[in-house]
Amino acid sequence: MENTGRKSSRLSILFSLILMSSLLLDLPALAMEKTFANSLGMGFVLIPAGSFTMGSPPGEPHRNRDEVQHNVTISKPFYMQTTEVTIKQWRALMGRKLFGQRKGSGDMPVVKVSWYDCMNFIEKLNDLKQGTYRLPTEAEWEYACRAGSTTAYSWGKDIDCNKALYSNNTLKSEKCIDYVESKGMMPDRPVLVKSYPPNAWGLYDMHGNVWEWCQDRYGAYPKGAAVDPRGPDSGSNWVRRGGSWFKYGYYCRSANRNWGLPTSRYQTTGFRVVREVE
C-alpha cells in the first residue's frame with residue numbers, strides 16, 4: 001500500500017509539472033489575444049510588428065512634398081482601437097465635459113477635442129490600471145491604416161463614396177451627400193463609427209469620417225530607414241491623419257499628412273488610442 005501511495009504521489013507531481021509546462025508554453029498566446037474590449041467597451045485588434053514603406057511614391061495623385069518615402073520598422077506589436085473614440089466612451093470616462101451643447105448618438109466619434117484633451121482622456125484611462133494606453137505614433141498610424149497595402153488607399157488607388165466618408169459638406173464639397181442620404185445618414189457631419197467597411201486588419205474609418213490626432217509633433221521625416229520613429233522633439237504643431245467628412249477624398253490617402261495646434265478643437269477631428277502589449 002505504501003509503494004502504491006508513493007507511485008500515486010509521483011504521478012500526481014508529474015501531471016502537475018506537465019500541466020504547468022503546457023500553461024507556460026501557452027502564455028504568449030494568452031497574452032497576445034487577437035482582439036479584446038476593455039471595461040469602457042472600446043474594441044482593439046492586435047497589429048503585428050513589421051516593416052513598410054511610409055510616404056507616397058512621386059506619381060501618386062495629390063501627393064505632397066512632405067510624404068517622402070522611407071522604410072520604417074515597427075519593432076513591437078501593439079493594439080489599435082478598431083474605431084475612433086465615441087461620445088459614449090468619452091462620457092463614460094470624462095463625464096459630460098466638453099458636451100454642454102452637443103447632441104448625437106453615443107456611437108458617433110467624439111470631435112472638437114484638442115490634443116491636450118486626448119492626453120487627459122488617456123491619463124484617466126491609464127488610471128483604471130487596465131493596461132498602458134497612448135495615442136498612436138504617426139508611423140504606427142500609417143502602418144495600421146495601410147494594413148499591408150502599398151496603394152493610395154488601403155483598398156486600391158481610387159476612392160469612392162461607398163468606401164469612406166468624405167465630401168459630405170453642403171457648402172464646401174458635396175460629392176458624397178447623395179450616397180450618405182441614401183443610407184439614412186445626415187450631411188454636414190460625421191457618421192456613426194463602423195458605417196463603412198473595415199480595412200484588412202479590422203480597423204474602421206482609418207480613411208475619412210474624422211481626422212485623428214497622433215502622438216507626434218509634425219515635422220520632416222527622417223532621412224533613410226527608421227525604427228519606431230517618434231517625430232521631432234520640437235515644433236508647435238501636432239500630426240492629424242486620415243481625412244474627414246468635411247472635404248475631398250484625396251485628403252483620406254494613407255500617406256496624407258495634416259497638423260494642428262495642440263490646443264485646437266476642430267469639428268472635424270477626433271482620435272483613437274493604442275494599448276501597448278505588456
# chains A, B, ... in the order shown; residues from 1 in each chain; ligands from 1

$ residues_around --residues "Glu138 of chain A" --least-positions-apart "4" --cutoff "10 Å" --atoms "only C-alpha atoms" --output "ChimeraX atom specification"
/A:54,142-144,213-218,228-231,238-241,257

$ residues_around --residues "segment 176-190 of chain A" --least-positions-apart "4" --cutoff "10 Å" --atoms "only C-alpha atoms" --output "JSON, numbers by chain"
{"A": [108, 109, 110, 111, 160, 161, 162, 164, 165, 166, 167, 168, 169, 170, 171, 172, 195, 208, 209, 210, 244, 245, 246, 247, 248, 249, 267, 268, 269]}

$ atom_distance --atom1 "atom CA of Trp115 of chain A" --atom2 "atom CA of Gln81 of chain A"
17.1 Å

$ atom_distance --atom1 "atom CA of Ser39 of chain A" --atom2 "atom CA of Phe121 of chain A"
14.5 Å

$ select_by_dssp --residues "segment 143-203 of chain A" --states "helix (DSSP H, G or I)" --output "PyMOL selection string"
chain A and resi 143-146+177-182

$ write_last_selection --atoms "N, CA and C atoms" --output "tab-separated table (two decimals), in the first residue's frame"
chain	number	residue	atom	x	y	z
A	143	TYR	N	1.05	52.70	-40.74
A	143	TYR	CA	1.25	51.26	-40.84
A	143	TYR	C	-0.07	50.52	-40.66
A	144	ALA	N	-0.83	50.90	-39.64
A	144	ALA	CA	-2.12	50.26	-39.37
A	144	ALA	C	-3.15	50.61	-40.44
A	145	CYS	N	-3.11	51.84	-40.93
A	145	CYS	CA	-4.03	52.26	-41.98
A	145	CYS	C	-3.80	51.46	-43.26
A	146	ARG	N	-2.56	51.30	-43.63
A	146	ARG	CA	-2.24	50.57	-44.86
A	146	ARG	C	-2.59	49.09	-44.76
A	177	ILE	N	-22.88	63.45	-50.75
A	177	ILE	CA	-24.10	63.70	-49.99
A	177	ILE	C	-25.25	62.80	-50.43
A	178	ASP	N	-25.41	62.61	-51.74
A	178	ASP	CA	-26.49	61.73	-52.22
A	178	ASP	C	-26.33	60.31	-51.68
A	179	TYR	N	-25.10	59.81	-51.69
A	179	TYR	CA	-24.86	58.46	-51.16
A	179	TYR	C	-25.14	58.41	-49.67
A	180	VAL	N	-24.67	59.40	-48.94
A	180	VAL	CA	-24.88	59.45	-47.49
A	180	VAL	C	-26.37	59.44	-47.17
A	181	GLU	N	-27.13	60.28	-47.85
A	181	GLU	CA	-28.57	60.35	-47.58
A	181	GLU	C	-29.29	59.07	-48.00
A	182	SER	N	-28.80	58.41	-49.04
A	182	SER	CA	-29.42	57.15	-49.47
A	182	SER	C	-29.27	56.06	-48.43

$ atom_distance --atom1 "atom CA of Gln130 of chain A" --atom2 "atom CA of Asn38 of chain A"
7.6 Å

$ closest_atom_pairs --of "segment 189-270 of chain A" --to "segment 75-80 of chain A" --cutoff "12 Å" --atoms "only C-alpha atoms" --output "CSV"
residue,atom,partner,partner_atom,distance
A:Trp201,CA,A:Met80,CA,9.8
A:Gly202,CA,A:Met80,CA,9.6
A:Leu203,CA,A:Met80,CA,7.9
A:Tyr204,CA,A:Met80,CA,10.6
A:Met206,CA,A:Met80,CA,11.1
A:Ala226,CA,A:Ser75,CA,10.4
A:Val227,CA,A:Ser75,CA,6.9
A:Asp228,CA,A:Ser75,CA,6.6
A:Pro229,CA,A:Ser75,CA,10.4

$ residues_around --residues "Val274 of chain A" --least-positions-apart "2" --cutoff "10 Å" --atoms "only C-alpha atoms" --output "PyMOL selection string"
chain A and resi 44-47+78-82+122+132-137+140-141+272+276-277

$ write_last_selection --atoms "C-alpha atoms" --output "PDB file, in the first residue's frame"
ATOM      1  CA  PHE A  44      -8.977  46.652 -30.000  1.00  0.00           C
ATOM      2  CA  VAL A  45      -7.203  44.484 -32.544  1.00  0.00           C
ATOM      3  CA  LEU A  46      -3.604  43.261 -32.429  1.00  0.00           C
ATOM      4  CA  ILE A  47      -1.350  44.901 -35.024  1.00  0.00           C
ATOM      5  CA  PHE A  78       0.542  46.844 -30.420  1.00  0.00           C
ATOM      6  CA  TYR A  79      -3.220  47.001 -30.027  1.00  0.00           C
ATOM      7  CA  MET A  80      -5.067  49.598 -32.108  1.00  0.00           C
ATOM      8  CA  GLN A  81      -8.583  50.706 -31.268  1.00  0.00           C
ATOM      9  CA  THR A  82     -10.866  49.443 -34.023  1.00  0.00           C
ATOM     10  CA  ILE A 122      -5.634  58.820 -21.862  1.00  0.00           C
ATOM     11  CA  THR A 132      -0.897  51.282 -20.875  1.00  0.00           C
ATOM     12  CA  TYR A 133      -2.717  53.458 -23.413  1.00  0.00           C
ATOM     13  CA  ARG A 134      -1.480  56.298 -25.613  1.00  0.00           C
ATOM     14  CA  LEU A 135      -2.042  57.911 -28.985  1.00  0.00           C
ATOM     15  CA  PRO A 136      -0.514  56.084 -31.965  1.00  0.00           C
ATOM     16  CA  THR A 137       2.689  57.472 -33.386  1.00  0.00           C
ATOM     17  CA  GLU A 140       2.083  53.322 -36.306  1.00  0.00           C
ATOM     18  CA  TRP A 141      -0.993  55.109 -37.640  1.00  0.00           C
ATOM     19  CA  ARG A 272      -8.329  56.677 -31.407  1.00  0.00           C
ATOM     20  CA  GLU A 276       0.774  48.640 -25.578  1.00  0.00           C
ATOM     21  CA  VAL A 277       1.388  44.905 -25.448  1.00  0.00           C
TER      22      VAL A 277
END

$ closest_residue --among "A:Ala255, A:Val113, A:Cys118, A:Val193" --to "Glu84 of chain A" --atoms "only C-alpha atoms"
A:Val193

$ closest_residue --among "A:Asp205, A:Glu278, A:Asp66, A:Glu212" --to "Arg265 of chain A" --atoms "only C-alpha atoms"
A:Glu212
